[in-house]
$ cat input.cif   # mmCIF, C-alpha atoms and all ligand atoms
data_coords
#
loop_
_atom_site.label_atom_id
_atom_site.label_comp_id
_atom_site.auth_asym_id
_atom_site.auth_seq_id
_atom_site.Cartn_x
_atom_site.Cartn_y
_atom_site.Cartn_z
CA MET A 637 0.00 0.00 0.00
CA ASN A 638 1.02 3.61 -0.48
CA ILE A 639 1.46 5.49 2.78
CA LEU A 640 1.55 9.19 3.67
CA ILE A 641 3.09 10.56 6.88
CA LEU A 642 2.20 14.10 7.99
CA GLY A 643 4.90 16.12 9.75
CA SER A 644 8.52 17.19 9.45
CA GLY A 645 10.36 16.43 12.68
CA GLY A 646 12.60 13.77 14.12
CA ARG A 647 9.44 11.92 15.19
CA GLU A 648 8.31 11.67 11.57
CA HIS A 649 11.77 10.64 10.34
CA ALA A 650 11.74 7.78 12.88
CA LEU A 651 8.22 6.76 11.78
CA ALA A 652 9.26 6.90 8.12
CA TRP A 653 12.42 4.88 8.80
CA ALA A 654 10.44 2.12 10.56
CA ILE A 655 7.52 2.07 8.10
CA ALA A 656 9.74 2.00 4.99
CA GLN A 657 11.30 -1.28 6.17
CA ASN A 658 7.97 -3.11 6.24
CA PRO A 659 7.16 -5.03 3.02
CA LYS A 660 3.53 -3.86 3.29
CA CYS A 661 4.75 -0.37 2.40
CA ASP A 662 4.97 0.28 -1.35
CA GLN A 663 5.47 3.97 -1.93
CA LEU A 664 6.09 6.21 1.09
CA PHE A 665 5.37 9.96 1.07
CA CYS A 666 5.81 12.61 3.73
CA ALA A 667 4.29 16.10 3.90
CA PRO A 668 6.29 18.24 4.24
CA GLY A 669 9.24 16.13 5.53
CA ASN A 670 12.90 17.13 5.86
CA ALA A 671 16.31 16.24 4.38
CA GLY A 672 16.58 12.98 6.33
CA ILE A 673 13.04 11.86 5.55
CA ALA A 674 13.82 12.47 1.86
CA GLN A 675 16.23 9.50 2.04
CA VAL A 676 13.38 7.06 2.77
CA ALA A 677 10.26 8.82 1.44
CA GLU A 678 9.19 11.26 -1.24
CA CYS A 679 8.66 14.65 0.40
CA VAL A 680 5.73 16.73 -0.81
CA ALA A 681 5.13 20.43 -0.10
CA ILE A 682 1.67 20.20 1.46
CA ASP A 683 0.56 21.93 4.66
CA PRO A 684 -0.34 19.03 7.01
CA THR A 685 -3.14 21.06 8.64
CA ASP A 686 -4.86 21.64 5.27
CA GLY A 687 -7.34 18.74 5.22
CA ASP A 688 -8.57 19.41 1.68
CA ALA A 689 -5.05 19.46 0.23
CA VAL A 690 -4.14 16.26 2.10
CA VAL A 691 -7.26 14.41 0.85
CA GLU A 692 -6.64 15.63 -2.70
CA PHE A 693 -3.07 14.30 -2.58
CA CYS A 694 -4.27 10.95 -1.18
CA ASP A 695 -6.71 10.56 -4.08
CA ALA A 696 -4.07 11.47 -6.65
CA GLU A 697 -1.45 9.04 -5.29
CA SER A 698 -3.80 6.20 -4.22
CA ILE A 699 -2.74 6.53 -0.58
CA GLY A 700 -4.07 3.61 1.47
CA PHE A 701 -2.94 4.77 4.92
CA VAL A 702 -2.14 8.14 6.51
CA VAL A 703 -0.08 8.46 9.70
CA ILE A 704 -0.47 11.83 11.43
CA GLY A 705 2.60 12.87 13.46
CA PRO A 706 2.03 16.25 15.18
CA GLU A 707 -0.89 17.59 17.23
CA ALA A 708 -1.75 20.58 15.01
CA PRO A 709 -3.41 18.57 12.18
CA LEU A 710 -5.18 16.40 14.78
CA ALA A 711 -6.56 19.41 16.65
CA ALA A 712 -7.56 20.86 13.25
CA GLY A 713 -9.65 17.76 12.48
CA VAL A 714 -7.54 16.36 9.63
CA ALA A 715 -8.10 12.78 10.84
CA ASP A 716 -11.90 13.30 10.64
CA ARG A 717 -11.56 14.79 7.16
CA LEU A 718 -9.51 11.78 5.97
CA ARG A 719 -11.82 9.18 7.52
CA GLY A 720 -14.77 11.04 6.02
CA ALA A 721 -13.13 10.56 2.63
CA GLY A 722 -12.78 6.82 3.32
CA ILE A 723 -9.00 6.90 3.88
CA LEU A 724 -7.56 4.66 6.60
CA THR A 725 -5.94 7.00 9.15
CA PHE A 726 -3.77 6.73 12.25
CA GLY A 727 -4.58 9.54 14.68
CA PRO A 728 -7.51 10.61 16.86
CA SER A 729 -10.54 12.64 15.83
CA GLN A 730 -10.73 16.34 16.63
CA ALA A 731 -13.11 15.54 19.50
CA ALA A 732 -10.72 12.96 20.98
CA ALA A 733 -7.72 15.25 20.42
CA GLN A 734 -9.24 17.47 23.12
CA LEU A 735 -7.24 15.31 25.52
CA GLU A 736 -4.23 17.38 24.46
CA ALA A 737 -5.89 20.52 23.15
CA SER A 738 -7.68 21.33 26.44
CA LYS A 739 -6.20 20.77 29.89
CA ALA A 740 -9.61 21.47 31.45
CA PHE A 741 -11.18 18.73 29.29
CA THR A 742 -8.58 16.22 30.49
CA LYS A 743 -9.34 17.15 34.09
CA GLU A 744 -13.06 16.56 33.43
CA ILE A 745 -12.26 13.11 32.06
CA CYS A 746 -10.09 12.30 35.10
CA ASP A 747 -12.94 13.37 37.39
CA ALA A 748 -15.44 11.28 35.46
CA CYS A 749 -13.34 8.11 35.70
CA SER A 750 -11.64 8.77 39.07
CA ALA A 751 -8.13 8.70 37.58
CA PRO A 752 -5.47 9.89 40.05
CA THR A 753 -4.18 13.35 39.07
CA ALA A 754 -3.35 16.71 40.71
CA GLY A 755 -6.16 18.59 42.45
CA TYR A 756 -7.20 21.64 40.43
CA ALA A 757 -9.53 24.57 39.81
CA ARG A 758 -10.47 26.35 36.55
CA PHE A 759 -10.78 30.10 36.00
CA THR A 760 -11.76 32.52 33.26
CA ASP A 761 -11.40 35.54 35.55
CA LEU A 762 -8.04 36.97 36.64
CA ALA A 763 -9.12 38.31 40.05
CA ALA A 764 -10.74 35.03 41.05
CA ALA A 765 -7.68 33.06 39.85
CA LYS A 766 -5.34 35.30 41.87
CA ALA A 767 -7.47 34.97 44.99
CA TYR A 768 -7.36 31.17 44.64
CA VAL A 769 -3.57 31.16 44.22
CA GLN A 770 -3.13 33.42 47.29
CA GLU A 771 -5.29 31.05 49.29
CA GLN A 772 -3.51 27.88 48.10
CA GLY A 773 0.06 29.22 48.34
CA ALA A 774 3.16 28.00 46.47
CA PRO A 775 4.45 25.76 44.97
CA ILE A 776 1.57 25.69 42.52
CA VAL A 777 1.18 25.06 38.79
CA ILE A 778 -0.48 27.47 36.32
CA LYS A 779 -1.60 26.11 32.93
CA ALA A 780 -3.11 27.85 29.93
CA ASP A 781 -6.02 25.62 28.92
CA GLY A 782 -5.28 25.34 25.20
CA LEU A 783 -2.37 24.43 22.91
CA ALA A 784 0.54 26.79 23.59
CA ALA A 785 3.46 25.04 21.86
CA GLY A 786 4.65 23.58 25.15
CA LYS A 787 5.03 27.03 26.74
CA GLY A 788 1.71 27.34 28.54
CA VAL A 789 2.73 25.68 31.83
CA THR A 790 4.42 27.46 34.73
CA VAL A 791 5.56 25.42 37.68
CA ALA A 792 5.68 28.28 40.21
CA MET A 793 7.84 27.70 43.27
CA ASP A 794 6.77 31.05 44.78
CA LEU A 795 3.68 33.29 44.72
CA PRO A 796 5.08 36.18 42.62
CA THR A 797 5.92 33.72 39.82
CA ALA A 798 2.43 32.21 40.00
CA LEU A 799 0.73 35.61 39.93
CA ALA A 800 2.92 36.77 37.02
CA ALA A 801 2.00 33.62 35.09
CA LEU A 802 -1.68 34.41 35.60
CA ASP A 803 -1.13 37.97 34.33
CA ASP A 804 0.60 36.56 31.24
CA CYS A 805 -2.24 34.16 30.49
CA PHE A 806 -4.98 36.71 30.84
CA ASP A 807 -2.92 39.36 28.98
CA GLY A 808 -3.05 37.10 25.95
CA ALA A 809 0.50 35.69 25.97
CA PHE A 810 -0.95 32.43 24.62
CA GLY A 811 -3.81 33.93 22.63
CA ASP A 812 -7.11 32.08 22.95
CA ALA A 813 -5.28 29.19 24.62
CA GLY A 814 -4.96 31.33 27.77
CA ALA A 815 -8.57 32.54 27.99
CA GLU A 816 -9.11 29.83 30.60
CA VAL A 817 -6.49 28.67 33.10
CA VAL A 818 -6.21 25.47 35.06
CA ILE A 819 -4.47 25.87 38.42
CA GLU A 820 -3.06 22.64 39.78
CA GLU A 821 -1.64 21.26 42.96
CA PHE A 822 2.14 20.82 42.61
CA MET A 823 3.00 17.11 42.47
CA GLU A 824 6.36 15.80 43.63
CA GLY A 825 7.99 12.70 42.23
CA GLU A 826 9.73 11.34 39.14
CA GLU A 827 8.22 11.83 35.68
CA ALA A 828 7.90 9.17 33.01
CA SER A 829 5.94 8.74 29.81
CA PHE A 830 3.89 5.81 28.64
CA PHE A 831 2.77 5.27 25.04
CA ILE A 832 -0.37 3.25 24.45
CA LEU A 833 -2.12 2.46 21.18
CA SER A 834 -5.91 2.51 21.39
CA ASP A 835 -8.29 1.45 18.63
CA GLY A 836 -11.21 3.01 20.48
CA LYS A 837 -11.89 -0.07 22.57
CA ASN A 838 -8.76 -2.16 23.01
CA ILE A 839 -5.28 -1.00 23.92
CA LEU A 840 -1.72 -2.10 23.24
CA PRO A 841 1.10 -0.53 25.28
CA ILE A 842 4.06 0.24 23.02
CA GLY A 843 6.68 1.42 25.43
CA THR A 844 7.78 3.70 28.22
CA ALA A 845 10.32 6.52 28.04
CA GLN A 846 11.83 9.39 29.96
CA ASP A 847 12.99 12.64 28.39
CA HIS A 848 15.09 15.64 29.38
CA LYS A 849 13.22 18.91 28.94
CA ARG A 850 15.88 21.41 30.05
CA ALA A 851 18.41 22.73 27.56
CA PHE A 852 21.61 22.17 29.54
CA ASP A 853 23.44 19.50 31.53
CA GLY A 854 22.23 18.86 35.07
CA ASP A 855 18.65 19.68 33.96
CA GLU A 856 19.54 23.38 33.98
CA GLY A 857 18.47 26.17 31.65
CA PRO A 858 15.25 26.88 29.80
CA ASN A 859 12.59 24.33 28.89
CA THR A 860 12.77 22.85 25.40
CA GLY A 861 10.77 20.36 23.36
CA GLY A 862 13.13 17.67 24.70
CA MET A 863 16.94 17.31 24.48
CA GLY A 864 17.09 13.52 24.68
CA ALA A 865 15.17 10.44 25.76
CA TYR A 866 15.56 6.79 26.58
CA SER A 867 13.36 3.71 26.63
CA PRO A 868 12.33 1.79 28.64
CA ALA A 869 11.92 4.02 31.72
CA PRO A 870 13.23 2.06 34.73
CA ILE A 871 10.73 3.71 37.08
CA MET A 872 7.85 2.24 35.08
CA ASP A 873 8.27 -1.20 36.63
CA ARG A 874 5.63 -3.91 36.38
CA SER A 875 3.59 -2.66 39.34
CA VAL A 876 3.61 1.04 38.34
CA THR A 877 2.76 0.08 34.75
CA GLN A 878 -0.18 -2.04 35.86
CA LYS A 879 -1.52 0.72 38.11
CA ALA A 880 -1.16 3.25 35.29
CA LEU A 881 -3.12 0.99 32.96
CA ASP A 882 -5.83 -0.02 35.43
CA GLU A 883 -6.38 3.29 37.23
CA ILE A 884 -5.70 5.86 34.50
CA VAL A 885 -5.37 4.65 30.89
CA LYS A 886 -8.13 2.04 30.61
CA PRO A 887 -10.71 4.18 32.47
CA THR A 888 -9.85 7.13 30.17
CA ILE A 889 -10.32 5.03 27.01
CA ALA A 890 -13.61 3.68 28.39
CA GLU A 891 -14.84 7.18 29.30
CA MET A 892 -13.99 8.53 25.83
CA ALA A 893 -15.94 5.67 24.24
CA ARG A 894 -18.87 6.19 26.64
CA ARG A 895 -19.08 9.84 25.50
CA GLY A 896 -19.30 8.78 21.87
CA THR A 897 -15.81 10.12 21.07
CA PRO A 898 -13.69 6.95 21.08
CA TYR A 899 -9.94 7.49 21.17
CA GLN A 900 -8.13 6.00 18.20
CA GLY A 901 -4.39 6.55 17.88
CA VAL A 902 -1.44 6.72 20.24
CA LEU A 903 -2.11 8.09 23.70
CA TYR A 904 0.98 9.63 25.28
CA ALA A 905 0.45 9.72 29.03
CA GLY A 906 2.81 11.72 31.26
CA PHE A 907 2.91 10.54 34.87
CA MET A 908 4.34 11.79 38.13
CA ILE A 909 5.36 8.76 40.18
CA LYS A 910 5.86 8.82 43.93
CA ASP A 911 6.06 5.85 46.29
CA GLY A 912 5.08 3.51 43.45
CA GLN A 913 1.88 5.42 42.65
CA PRO A 914 1.46 7.10 39.24
CA ARG A 915 -0.66 10.24 38.87
CA LEU A 916 -1.52 11.79 35.53
CA VAL A 917 0.31 15.01 34.61
CA GLU A 918 -1.01 15.31 31.07
CA TYR A 919 -2.08 13.52 27.93
CA ASN A 920 -0.79 14.14 24.44
CA VAL A 921 -2.56 12.70 21.43
CA ARG A 922 0.56 11.87 19.40
CA PHE A 923 3.96 10.31 19.82
CA GLY A 924 6.48 12.32 21.83
CA ASP A 925 9.38 13.93 20.05
CA PRO A 926 12.12 12.73 20.73
CA GLU A 927 10.49 9.77 22.55
CA CYS A 928 9.19 8.36 19.25
CA GLN A 929 12.76 8.02 17.99
CA VAL A 930 13.71 5.54 20.73
CA LEU A 931 10.40 3.65 20.42
CA MET A 932 10.76 3.26 16.63
CA LEU A 933 14.38 2.12 16.89
CA ARG A 934 13.24 -0.59 19.32
CA LEU A 935 10.18 -1.62 17.28
CA GLY A 936 11.56 -1.46 13.73
CA ALA A 937 9.38 -2.68 10.84
CA GLN A 938 6.64 -4.11 13.11
CA ALA A 939 5.71 -0.52 14.01
CA LEU A 940 3.66 -0.36 10.78
CA ASP A 941 1.76 -3.55 11.66
CA THR A 942 0.79 -2.10 15.03
CA LEU A 943 -0.27 1.28 13.58
CA LEU A 944 -2.38 -0.51 10.95
CA ALA A 945 -3.96 -2.77 13.58
CA CYS A 946 -4.80 0.35 15.60
CA ALA A 947 -6.46 2.10 12.64
CA GLU A 948 -8.30 -1.10 11.61
CA GLU A 949 -9.54 -1.78 15.18
CA ARG A 950 -7.65 -5.06 15.45
CA LEU A 951 -5.58 -4.37 18.56
CA ALA A 952 -7.29 -7.16 20.51
CA ASP A 953 -5.40 -9.69 18.34
CA THR A 954 -2.11 -7.78 18.03
CA GLN A 955 1.11 -8.36 19.89
CA ILE A 956 4.55 -6.84 19.85
CA ASN A 957 7.72 -8.91 19.67
CA TRP A 958 9.90 -7.06 22.12
CA ALA A 959 13.64 -7.52 22.04
CA ASP A 960 15.10 -7.21 25.52
CA ASP A 961 16.82 -3.98 24.51
CA HIS A 962 17.25 -0.33 25.43
CA ALA A 963 17.49 2.77 23.28
CA MET A 964 18.65 6.34 23.76
CA THR A 965 18.46 9.44 21.62
CA VAL A 966 20.56 12.59 22.04
CA VAL A 967 19.30 15.79 20.41
CA MET A 968 21.70 18.13 18.62
CA ALA A 969 20.23 21.62 18.57
CA ALA A 970 21.35 24.92 17.04
CA ASN A 971 23.36 27.17 19.41
CA GLY A 972 20.90 29.56 21.04
CA TYR A 973 17.92 27.17 20.99
CA PRO A 974 15.28 27.44 22.51
CA GLY A 975 15.94 31.19 21.98
CA ASP A 976 17.20 32.74 18.73
CA TYR A 977 19.46 30.66 16.51
CA THR A 978 20.96 30.65 13.04
CA LYS A 979 19.71 28.46 10.18
CA GLY A 980 21.43 27.33 6.99
CA GLU A 981 24.67 25.93 8.46
CA VAL A 982 26.21 22.98 6.63
CA ILE A 983 26.25 19.72 8.63
CA GLY A 984 28.94 17.15 7.84
CA GLY A 985 29.56 13.56 8.92
CA LEU A 986 25.93 12.50 8.70
CA ASP A 987 26.94 9.24 7.02
CA SER A 988 29.45 8.32 9.72
CA ALA A 989 27.00 5.84 11.31
CA ASP A 990 25.87 4.33 7.99
CA GLY A 991 25.92 0.55 8.02
CA ASN A 992 25.74 0.37 11.82
CA PRO A 993 22.36 -1.27 12.56
CA MET A 994 22.57 -0.14 16.20
CA VAL A 995 22.65 3.58 15.36
CA GLN A 996 20.32 5.85 13.38
CA ILE A 997 20.62 9.57 12.88
CA PHE A 998 17.10 10.96 12.61
CA HIS A 999 16.76 14.46 11.19
CA ALA A 1000 14.48 17.13 12.69
CA GLY A 1001 15.15 20.69 11.44
CA THR A 1002 17.22 20.00 8.30
CA LYS A 1003 16.86 20.69 4.59
CA SER A 1004 18.84 20.01 1.44
CA ASP A 1005 20.65 22.91 -0.14
CA ASN A 1006 22.72 22.35 -3.28
CA GLY A 1007 23.34 18.73 -2.40
CA GLN A 1008 24.34 19.51 1.19
CA VAL A 1009 22.34 19.07 4.38
CA VAL A 1010 21.92 22.36 6.26
CA SER A 1011 20.33 23.22 9.60
CA ASN A 1012 16.77 24.53 9.33
CA GLY A 1013 15.35 24.63 12.87
CA GLY A 1014 16.07 24.63 16.61
CA ARG A 1015 16.26 20.92 17.24
CA VAL A 1016 18.16 19.55 14.25
CA LEU A 1017 19.39 15.95 14.73
CA ASN A 1018 18.51 12.97 16.93
CA ILE A 1019 21.46 10.61 17.36
CA THR A 1020 19.70 7.40 18.33
CA ALA A 1021 21.22 4.08 19.38
CA ARG A 1022 20.21 0.81 20.96
CA GLY A 1023 22.00 -1.80 23.02
CA SER A 1024 21.42 -4.68 25.36
CA ASN A 1025 21.46 -2.20 28.23
CA LEU A 1026 21.12 1.56 28.56
CA GLN A 1027 24.84 2.14 29.07
CA GLU A 1028 25.62 0.38 25.79
CA ALA A 1029 22.96 2.41 23.96
CA ARG A 1030 24.35 5.59 25.49
CA ASP A 1031 27.96 4.79 24.57
CA ARG A 1032 26.94 4.10 20.97
CA ALA A 1033 24.91 7.30 20.67
CA TYR A 1034 27.70 9.50 22.02
CA ALA A 1035 30.32 7.72 19.86
CA ALA A 1036 28.19 8.43 16.78
CA LEU A 1037 27.87 12.08 17.83
CA ASP A 1038 31.64 12.42 17.63
CA GLY A 1039 31.39 11.72 13.89
CA ILE A 1040 29.15 14.72 13.24
CA ASN A 1041 30.72 17.91 12.04
CA TRP A 1042 28.53 20.89 12.91
CA PRO A 1043 30.28 23.57 15.00
CA GLY A 1044 27.00 25.54 15.28
CA GLY A 1045 25.27 22.76 17.22
CA PHE A 1046 25.19 21.75 20.89
CA TYR A 1047 23.91 18.75 22.84
CA ARG A 1048 23.60 17.57 26.42
CA LYS A 1049 26.33 15.25 27.64
CA ASP A 1050 24.27 13.69 30.44
CA ILE A 1051 21.24 12.12 28.77
CA GLY A 1052 20.07 9.20 30.90
CA TRP A 1053 21.84 10.34 34.08
CA ARG A 1054 18.91 9.46 36.30
CA ALA A 1055 18.73 5.88 35.03
CA LEU A 1056 22.46 5.14 34.95
P1 LIG B 1101 2.37 19.65 30.84
O1 LIG B 1101 2.47 20.45 29.57
O2 LIG B 1101 1.04 19.64 31.47
O3 LIG B 1101 2.99 18.29 30.68
O4 LIG B 1101 3.40 20.33 31.84
C1 LIG B 1101 4.76 20.50 31.50
C2 LIG B 1101 5.63 20.05 32.64
O5 LIG B 1101 5.32 20.78 33.81
C3 LIG B 1101 5.44 18.59 33.03
O6 LIG B 1101 6.18 17.73 32.23
C4 LIG B 1101 5.91 18.61 34.47
O7 LIG B 1101 7.32 18.58 34.54
C5 LIG B 1101 5.44 19.96 34.96
N1 LIG B 1101 4.13 19.83 35.62
C6 LIG B 1101 2.92 19.94 35.04
N2 LIG B 1101 1.93 19.78 35.93
C7 LIG B 1101 2.53 19.57 37.13
C8 LIG B 1101 2.05 19.37 38.46
N3 LIG B 1101 0.73 19.38 38.76
N4 LIG B 1101 2.96 19.20 39.44
C9 LIG B 1101 4.29 19.23 39.17
N5 LIG B 1101 4.80 19.43 37.95
C10 LIG B 1101 3.94 19.61 36.92
N1 LIG B 1102 9.12 15.43 24.28
C1 LIG B 1102 7.92 15.99 24.73
C2 LIG B 1102 6.82 16.05 23.77
O1 LIG B 1102 6.87 15.50 22.68
O2 LIG B 1102 5.80 16.67 24.08
#
$ encode --input "input.cif" --output "structure tokens"
Amino acid sequence: MNILILGSGGREHALAWAIAQNPKCDQLFCAPGNAGIAQVAECVAIDPTDGDAVVEFCDAESIGFVVIGPEAPLAAGVADRLRGAGILTFGPSQAAAQLEASKAFTKEICDACSAPTAGYARFTDLAAAKAYVQEQGAPIVIKADGLAAGKGVTVAMDLPTALAALDDCFDGAFGDAGAEVVIEEFMEGEEASFFILSDGKNILPIGTAQDHKRAFDGDEGPNTGGMGAYSPAPIMDRSVTQKALDEIVKPTIAEMARRGTPYQGVLYAGFMIKDGQPRLVEYNVRFGDPECQVLMLRLGAQALDTLLACAEERLADTQINWADDHAMTVVMAANGYPGDYTKGEVIGGLDSADGNPMVQIFHAGTKSDNGQVVSNGGRVLNITARGSNLQEARDRAYAALDGINWPGGFYRKDIGWRAL
């Protein structure tokens, strides 16, 4: 079958790399893609949030399956548009994508199914929100309700920070996304992510991971989209995983179905874990980036079979053949990221890991320019490796990094510190 992936990041390169290896895949396309994706798929200049353009392309190229990578097309209803046109699609409906697009909606779902999460209150009025924060005290967490490109959450360790975050939200710093705020109890513990496929009714867990959100070593510096990740997450042991499934994930999937908005796609659950008890921090309705890179390296070609089974509502009969392995990805970003940075710098040594089945270099912000690969974004490369244990995966990833020649890039040297 011909397959189309929507997106252009390291997540989509990892998906394309895994899908292209599966014999079920005939022609692979990606919209819009990047320089790395162009090595395994044909990149097409289509806006992934433009449902009409995507459907038109699918008709023209006889696309049998569409895999949606990022949240923006999902929140825009592109999955509904595709299914409406009779095209098999991986990714939740606009209604189900509310689990990421509205923090208040997720809290409602948690209430309805008694899933453990932080206590909270919702406000559309600044004075009332401030009064509540004064009464609760710090630490406290302020969240813009809607999608804010990962910038809408302030974990405030003191009251002035919390009050300033409320001012920002109601002053329009996040546009419509900040018209309502969710104020949450601060949860202590260790964070981990869990990725679960759901076909609306049945689920199939496809891996745990931990990422590093801060820009610099020692988890210092500003928040980013993620500077590295590893899988599996040691803290997600058998007991924590079972509790997460029984108390949070399965009740959420059942509640979404009960409301007539079944969840079909990958559910990315972020947990705070303390004393062996997971509590929900947030849901995302897509794979994590860079978490997807480690999951795809571990799954390989069978990833396509699982995504197809999810879209075709066959998860009840689907299994994953897990190797007893570990994977790590280290992000190379442009100097200055997540602030201002330069684009268009030539990157050398990208073929230095070629032929090594344990290492893959997934591209994020890259493009081709006169036959050379140049930087074209903040997060640019994901050096991804696997091994029989995390240390081996880590050693391979950092060894491969040494082969890359890009003086304008930086990376963290301590990915995986907590687990090693
Ligand atoms: P979110 O976008 O909701 O995942 O929030 C971003 C980050 O803020 C999370 O990954 C956590 O590190 C932190 N965070 C969010 N909510 C809480 C909470 N209630 N308590 C402690 N930390 C939180
Ligand atoms: N790495 C965090 C995310 O994808 O949201």
$ closest_residue --input "input.cif" --among "A:Ala952, A:Leu1056, A:Ala905, A:Leu940" --to "ligand LIG 1102 (chain B)" --atoms "all atoms listed in the file"
A:Ala905
$ closest_atom_pairs --input "input.cif" --of "chain A" --to "ligand LIG 1101 (chain B)" --cutoff "10 Å" --atoms "all atoms listed in the file" --output "Markdown table"
| residue | atom | partner | partner_atom | distance |
| --- | --- | --- | --- | --- |
| A:Glu736 | CA | B:LIG1101 | O1 | 9.0 |
| A:Lys739 | CA | B:LIG1101 | O2 | 7.5 |
| A:Thr753 | CA | B:LIG1101 | N3 | 7.8 |
| A:Ala754 | CA | B:LIG1101 | N3 | 5.3 |
| A:Gly755 | CA | B:LIG1101 | N3 | 7.9 |
| A:Tyr756 | CA | B:LIG1101 | N3 | 8.4 |
| A:Pro775 | CA | B:LIG1101 | N4 | 8.7 |
| A:Ile776 | CA | B:LIG1101 | N4 | 7.3 |
| A:Val777 | CA | B:LIG1101 | N3 | 5.7 |
| A:Ile778 | CA | B:LIG1101 | N2 | 8.1 |
| A:Lys779 | CA | B:LIG1101 | O2 | 7.1 |
| A:Ala780 | CA | B:LIG1101 | O1 | 9.3 |
| A:Asp781 | CA | B:LIG1101 | O2 | 9.6 |
| A:Leu783 | CA | B:LIG1101 | O1 | 9.1 |
| A:Ala784 | CA | B:LIG1101 | O1 | 8.9 |
| A:Ala785 | CA | B:LIG1101 | O1 | 9.0 |
| A:Gly786 | CA | B:LIG1101 | O1 | 5.8 |
| A:Lys787 | CA | B:LIG1101 | O1 | 7.6 |
| A:Gly788 | CA | B:LIG1101 | O1 | 7.0 |
| A:Val789 | CA | B:LIG1101 | O4 | 5.4 |
| A:Thr790 | CA | B:LIG1101 | O5 | 6.8 |
| A:Val791 | CA | B:LIG1101 | N5 | 6.0 |
| A:Ala792 | CA | B:LIG1101 | N5 | 9.2 |
| A:Val818 | CA | B:LIG1101 | N3 | 9.9 |
| A:Ile819 | CA | B:LIG1101 | N3 | 8.3 |
| A:Glu820 | CA | B:LIG1101 | N3 | 5.1 |
| A:Glu821 | CA | B:LIG1101 | N3 | 5.2 |
| A:Phe822 | CA | B:LIG1101 | N4 | 3.7 |
| A:Met823 | CA | B:LIG1101 | N4 | 3.7 |
| A:Glu824 | CA | B:LIG1101 | C9 | 6.0 |
| A:Gly825 | CA | B:LIG1101 | C9 | 8.1 |
| A:Glu826 | CA | B:LIG1101 | O7 | 8.9 |
| A:Glu827 | CA | B:LIG1101 | O7 | 6.9 |
| A:Ala828 | CA | B:LIG1101 | O6 | 8.8 |
| A:Ser829 | CA | B:LIG1101 | O6 | 9.3 |
| A:Asp847 | CA | B:LIG1101 | O6 | 9.3 |
| A:His848 | CA | B:LIG1101 | O6 | 9.6 |
| A:Lys849 | CA | B:LIG1101 | O6 | 7.9 |
| A:Asn859 | CA | B:LIG1101 | C2 | 9.0 |
| A:Ala905 | CA | B:LIG1101 | O3 | 9.1 |
| A:Gly906 | CA | B:LIG1101 | O3 | 6.6 |
| A:Phe907 | CA | B:LIG1101 | O6 | 8.3 |
| A:Met908 | CA | B:LIG1101 | C9 | 7.5 |
| A:Arg915 | CA | B:LIG1101 | N3 | 9.2 |
| A:Leu916 | CA | B:LIG1101 | N3 | 8.6 |
| A:Val917 | CA | B:LIG1101 | N2 | 5.2 |
| A:Glu918 | CA | B:LIG1101 | O2 | 4.8 |
| A:Tyr919 | CA | B:LIG1101 | O3 | 7.5 |
| A:Asn920 | CA | B:LIG1101 | O3 | 8.4 |
$ closest_residue --input "input.cif" --among "A:Val702, A:Ala696, A:Ala774, A:Ala654" --to "A:Cys666" --atoms "only C-alpha atoms"
A:Val702
$ atom_distance --input "input.cif" --atom1 "atom CA of A:Ala671" --atom2 "atom CA of A:Asp925"
17.3 Å
$ residues_near_ligand --input "input.cif" --ligand "ligand LIG 1102 (chain B)" --cutoff "7 Å" --atoms "only C-alpha atoms and all ligand atoms" --output "ChimeraX atom specification"
/A:847,861-862,923-927
$ residues_near_point --input "input.cif" --point "(0.6, -2.6, 17.8)" --cutoff "12 Å" --atoms "only C-alpha atoms" --output "count of residues only"
40
$ atom_distance --input "input.cif" --atom1 "atom CA of A:Ala681" --atom2 "atom CA of A:Ala708"
16.6 Å
$ residues_around --input "input.cif" --residues "A:Thr1020" --least-positions-apart "4" --cutoff "6 Å" --atoms "all atoms listed in the file" --output "PyMOL selection string"
chain A and resi 964-965+995-997+1033
$ residues_around --input "input.cif" --residues "A:Met968" --least-positions-apart "6" --cutoff "7 Å" --atoms "only C-alpha atoms" --output "PyMOL selection string"
chain A and resi 1015-1018+1045-1047
$ closest_residue --input "input.cif" --among "A:Cys749, A:Ala650, A:Ile639, A:Gly782" --to "A:Thr725" --atoms "all atoms listed in the file"
A:Ile639
$ closest_residue --input "input.cif" --among "A:Val876, A:Val690, A:Leu802, A:Met793" --to "A:Leu762" --atoms "only C-alpha atoms"
A:Leu802
